[in-house]
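Novice: Pasting in a structure now, in structure tokens, and then I'll have a few things to ask.
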Amino acid sequence: MSKKPEHKLKLNRVTKRLPNHLRKFIVKQPYEEYTAQNHAVWRYVMRLNIDYLKNAAHSYYLEGLEKAGISTDYIPKMEGMNRILKEIGWAAVSVDGFIPPNAFMEFQAYNVLVIASDIRTIEHIEYTPAPDIIHEAAGHAPIIANSEYAEYLRRFGEIGSKAISSEKDYEMYEAVRHLSIIKEDPTTPAEDIEKATKVVNDLQNNIGELSEMAQIRNLHWWTVEYGLIGTLENPKIYGAGLLSSIGESKNYLNKDIKKLPYSIEAATINFDITKPQPQLFVTPNFAHLSYVLEKFANTMALRKGGLEGVEKLIQSQNIGTIELSTGIQISGKFSKVIAHQNKPIYIQTIGKTALASRDKELIGHGTNNHSDGFGSPIGKLEGINLAIEDMSPKDLEVYGIYEGLTTELIFEGGIKVIGQIITGKRDLRGKILLISFKNCTVTYNDEILFKPEWGIYDMAVGKEISSAFSGPASNESFENLYKVPKEKTHKISYSKEDKKLYSFYSEIRKIRESNSLDLNKIEKIFNEVSIEYPEEWLLLLEIYELVNTFKNDFSNKVLNKLKALKTNKKYKKLVEDGINLLSKNTIKQQ
């Protein structure tokens, strides 16, 4: 008996709909583990971004932050966000870093934002390759306040979760996840990062023909992550990667970065997470995003089916589904297809397989009943124009397809089924989906595909494959659909010195939130920090924020220390941006 996954989050009306294979990715947000410096990093990024993005981002950005329950001063709590998001029909869950692409898309299909629980370190304050709460909460959440965009995101998840992956896609996912984890860990040796970066680059340069998942991930990247909206001459930001990156959001108007009209061609343009983007795509409006998505969906096996669809599933070596023209759905790992005149005439799965109709598992046809695979002919009977699925009860009798009869069915292309019909299964409309035989032999020329001693032979009915897609038809069929990654985000161990520094951050925050300033205490903290942490810049900015209006010896002393830090190229822009923002706010207050 399988254990039910532990729910790490109080479920609401949106998250209650999530299937178990997605719930296992949800983790408890480690809110108590966020340090006072983490909150300061959040505050610094948010204040700078809002100051710049109020003019550069889509008009829904500021309204969306409020609608999503996102504060400037504190890292948001999932529970708080969920209370507000549910009003617009969405929810947020906390996960550990990158999750498999199909799972990520499927969360979106259920109107659930996946939010990485960690926050970037101060070393990566401008940009992090790892998904973090700044990127997810402050980047993705605000724009879903726009109902047209929210529907695009949901529909993208619905279609994207059905995209068929290749083996290389999973290799790439694992490589990128590993690189993002070790890059965000300040203790990782430089040679390990170089080695992991090389693996990612090698995979990107040798990806071969792009799978459906690779193409739809490109569309996701150039819209949801790095999308611009408006005109080529005056675009606004709506992509989460830009909304959450101080550096990139300011550089997006750079003339060196090409602005291209968004079209289906973006599906063929790969991205590199290790470098700034050389071009960005501009959509005239959110409706155009949905138009391109539907155009791309029309190229997918999801809508085209056929021989190409089942061949994609075989190459993926993952659980997938084919749907026949009758509506019967076969879910499992496809291992073989026999073709005739460029049409599939027999399909075979290996291992656990389930049969369904309208995304509901057929009673008696789950993975326990088909644990060793499933095979079936597809197409019309030889010499008979009328497909089995279109036959009336009288037609079935005429062609010897009825219970109790030992019959021989020869399909176009040469698949031969000989056995005694024992039962059939129809859908609610009366269309025949399945015929079961005993003492059955199935052959193709001299090849034996099924023997009588193997038991009951269940033959799916359908003249063609109308759809092929990733994942099972029914969520109930496969418990371990996606693997939870073994490599977890590294938890940083803090030294005594680190903890002491964070206590100073905490004290400054308390002073800022109090009704009165204790200048003596502030000066004491400043003196200690200057001696013990000579390269500390963010805490000094927080101190300068408290004292800069006094224009006295102490405030000048703090400013001079910050100016000295600016001589270090590493901090120059960060300190400058912080001081400029404080100057703007001071002028406003005056």
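Scheme for the structure tokens: letters A, B, ... for chains in order shown; per-chain residue numbers from 1; ligand numbers from 1 in order shown.
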Considering only C-alpha atoms, tabulate each residue of segment 13-98 of chain A that lies at most 12 Å from segment 541-545 of chain A along with its nearest interatomic pair and the corresponding distance in Å to one decimal; arrange the rows by chain and ascending residue number and present them as a Markdown table.

Specialist:
| residue | atom | partner | partner_atom | distance |
| --- | --- | --- | --- | --- |
| A:Ala36 | CA | A:Glu542 | CA | 11.8 |
| A:Gln37 | CA | A:Glu542 | CA | 10.7 |
| A:His39 | CA | A:Glu542 | CA | 11.7 |
| A:Ala40 | CA | A:Glu542 | CA | 8.3 |
| A:Val41 | CA | A:Glu542 | CA | 10.7 |
| A:Arg43 | CA | A:Glu542 | CA | 10.0 |
| A:Tyr44 | CA | A:Glu542 | CA | 9.1 |
| A:Asp73 | CA | A:Glu542 | CA | 11.9 |

Novice: Identify, on the basis of only C-alpha atoms, every residue whose closest approach to Glu403 of chain A does not exceed 6 Å; exclude the query and any residue fewer than 5 positions from it along the same chain; express the result as a list of chain:residue names.

Specialist: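 Listing them by chain and then by number gives A:Ile421, A:Ile422, A:Thr423.
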
Novice: Please provide the set of residues having any atom within 8 Å of Phe104 of chain A, restricted to only C-alpha atoms, with same-chain residues fewer than 6 positions apart removed, written as a PDB file with N, CA, C and O atoms, in the first residue's frame.

Specialist:
ATOM      1  N   VAL A 114       4.799  27.994  -9.253  1.00  0.00           N
ATOM      2  CA  VAL A 114       5.838  27.247  -8.543  1.00  0.00           C
ATOM      3  C   VAL A 114       6.906  28.252  -8.109  1.00  0.00           C
ATOM      4  O   VAL A 114       7.470  28.952  -8.938  1.00  0.00           O
ATOM      5  N   GLY A 157       0.681  26.076 -19.726  1.00  0.00           N
ATOM      6  CA  GLY A 157       0.950  24.918 -18.883  1.00  0.00           C
ATOM      7  C   GLY A 157       0.220  23.686 -19.372  1.00  0.00           C
ATOM      8  O   GLY A 157       0.766  22.573 -19.380  1.00  0.00           O
ATOM      9  N   SER A 161       2.729  20.863 -20.792  1.00  0.00           N
ATOM     10  CA  SER A 161       2.885  19.627 -20.017  1.00  0.00           C
ATOM     11  C   SER A 161       2.679  18.392 -20.889  1.00  0.00           C
ATOM     12  O   SER A 161       3.053  17.288 -20.509  1.00  0.00           O
TER      13      SER A 161
END

Novice: Let me make sure I understand: among A:Glu63, A:Asp51, A:Glu151, A:Lys24, which one has the smallest atom-to-atom distance to Gly89 of chain A if we use only C-alpha atoms?

Specialist: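 Between A:Glu63, A:Asp51, A:Glu151, A:Lys24, the residue approaching Gly89 of chain A most closely is A:Glu151.
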
Novice: Taking the backbone alone, and naming residues the way the document does, which bits of segment 339-528 of chain A are alpha helix (DSSP H) by DSSP, as a VMD selection string?

Specialist: chain A and resid 393 to 398 496 to 513 519 to 528

Novice: From a DSSP calculation on the backbone, collect every residue of segment 114-273 of chain A in strand (DSSP E or B) and output the set as number ranges by chain.

Specialist: A: 114-116, 228-230, 235-237, 258-261

Novice: Write out as a ChimeraX atom specification each polymer residue whose atoms come within 12 Å of Leu210 of chain A, counting only C-alpha atoms; drop sequence neighbours fewer than 5 positions from it.

Specialist: /A:163-169,204-205,215-218,267-270,312

Novice: Can you check which parts of segment 342-438 of chain A lie within 10 Å of segment 444-447 of chain A? Per residue, the shortest pair of atoms and distance in Å to one decimal, counting only C-alpha atoms, sorted by chain and number, as a tab-separated table.

Specialist:
residue	atom	partner	partner_atom	distance
A:Ile345	CA	A:Tyr444	CA	10.0
A:Tyr346	CA	A:Tyr444	CA	9.1
A:Pro377	CA	A:Tyr444	CA	9.9
A:Ile410	CA	A:Tyr444	CA	9.8
A:Phe411	CA	A:Tyr444	CA	9.9
A:Gly413	CA	A:Tyr444	CA	8.6
A:Gly414	CA	A:Tyr444	CA	5.9
A:Ile415	CA	A:Tyr444	CA	4.8
A:Lys416	CA	A:Tyr444	CA	6.4
A:Val417	CA	A:Tyr444	CA	9.2

Novice: Within 12 Å of Tyr60 of chain A, counting only C-alpha atoms, which residues show up once you throw out same-chain ones fewer than 2 positions away? Write them as a PDB file with C-alpha atoms, in the first residue's frame, please.

Specialist:
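Produced file part-v7.pdb, reproduced below:
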ATOM      1  CA  LEU A  53      10.130  49.215 -13.382  1.00  0.00           C
ATOM      2  CA  LYS A  54       7.286  51.585 -12.532  1.00  0.00           C
ATOM      3  CA  ASN A  55       8.081  53.180 -15.905  1.00  0.00           C
ATOM      4  CA  ALA A  56       9.740  50.289 -17.766  1.00  0.00           C
ATOM      5  CA  ALA A  57       7.382  47.402 -16.942  1.00  0.00           C
ATOM      6  CA  HIS A  58       3.900  46.547 -18.133  1.00  0.00           C
ATOM      7  CA  LEU A  62       2.764  47.618  -9.607  1.00  0.00           C
ATOM      8  CA  GLU A  63      -0.903  46.674  -9.307  1.00  0.00           C
ATOM      9  CA  GLY A  64       0.069  43.017  -9.569  1.00  0.00           C
ATOM     10  CA  LEU A  65       2.561  43.219  -6.696  1.00  0.00           C
ATOM     11  CA  GLU A  66      -0.223  44.478  -4.470  1.00  0.00           C
ATOM     12  CA  LYS A  67      -2.738  41.927  -5.773  1.00  0.00           C
ATOM     13  CA  ALA A  68      -0.262  39.101  -5.149  1.00  0.00           C
ATOM     14  CA  GLY A 139       8.828  38.240 -11.297  1.00  0.00           C
ATOM     15  CA  HIS A 140       6.049  35.795 -12.155  1.00  0.00           C
ATOM     16  CA  ALA A 141       3.288  36.707  -9.700  1.00  0.00           C
ATOM     17  CA  PRO A 142       2.586  40.394 -10.534  1.00  0.00           C
ATOM     18  CA  ILE A 143       1.616  40.046 -14.209  1.00  0.00           C
ATOM     19  CA  ILE A 144      -0.954  37.304 -13.555  1.00  0.00           C
ATOM     20  CA  ALA A 145      -3.146  40.097 -12.179  1.00  0.00           C
ATOM     21  CA  ASN A 146      -3.872  40.614 -15.887  1.00  0.00           C
ATOM     22  CA  SER A 147      -6.586  38.048 -16.670  1.00  0.00           C
ATOM     23  CA  GLU A 148      -5.579  37.701 -20.334  1.00  0.00           C
ATOM     24  CA  TYR A 149      -1.981  36.921 -19.387  1.00  0.00           C
ATOM     25  CA  ALA A 150      -3.093  34.595 -16.568  1.00  0.00           C
ATOM     26  CA  ILE A 229       5.305  43.880 -24.873  1.00  0.00           C
ATOM     27  CA  LYS A 236       7.659  47.308 -21.831  1.00  0.00           C
ATOM     28  CA  ILE A 237       8.804  44.398 -19.661  1.00  0.00           C
ATOM     29  CA  TYR A 238       6.523  41.561 -18.573  1.00  0.00           C
ATOM     30  CA  LEU A 243      11.335  41.854 -13.737  1.00  0.00           C
TER      31      LEU A 243
END

Novice: Quick one: of A:Ile531, A:Leu313, A:Leu386, A:Val484, who's nearest to Val95 of chain A, counting only C-alpha atoms?

Specialist: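 For Val95 of chain A, the nearest of the given residues is A:Val484.
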
Novice: Go ahead and compute the interatomic distance for atom CA of Gly80 of chain A and atom CA of Val93 of chain A, in Å to one decimal.

Specialist: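 Atom CA of Val93 of chain A lies at a distance of 11.4 Å from atom CA of Gly80 of chain A.
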
Novice: Using only C-alpha atoms, which protein or nucleic acid residues come within 12 Å of Glu123 of chain A? Drop anything in the same chain fewer than 4 positions from it, and give the result as a ChimeraX atom specification.

Specialist: /A:37-38,41,119,127-128,183-187,535-538,570-571,574

Novice: One decimal, in Å: what's the spacing between atom CA of Glu136 of chain A and atom CA of Pro485 of chain A?

Specialist: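 So the two atoms, atom CA of Glu136 of chain A and atom CA of Pro485 of chain A, lie 19.3 Å apart.
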
Novice: Using only C-alpha atoms, which residue out of A:Asn49, A:Gln279, A:Ser493, A:Thr231 lies closest to Asn254 of chain A?

Specialist: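 Between A:Asn49, A:Gln279, A:Ser493, A:Thr231, the residue approaching Asn254 of chain A most closely is A:Gln279.
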
Novice: Applying 7 Å and only C-alpha atoms, which residues near Ile465 of chain A remain after dropping the ones on its own chain fewer than 2 positions away? List them as a list in words.

Specialist: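 The filter keeps Gly305, Gly306, Ile322, Glu323, Leu324, Ser325 and Ser467 of chain A.
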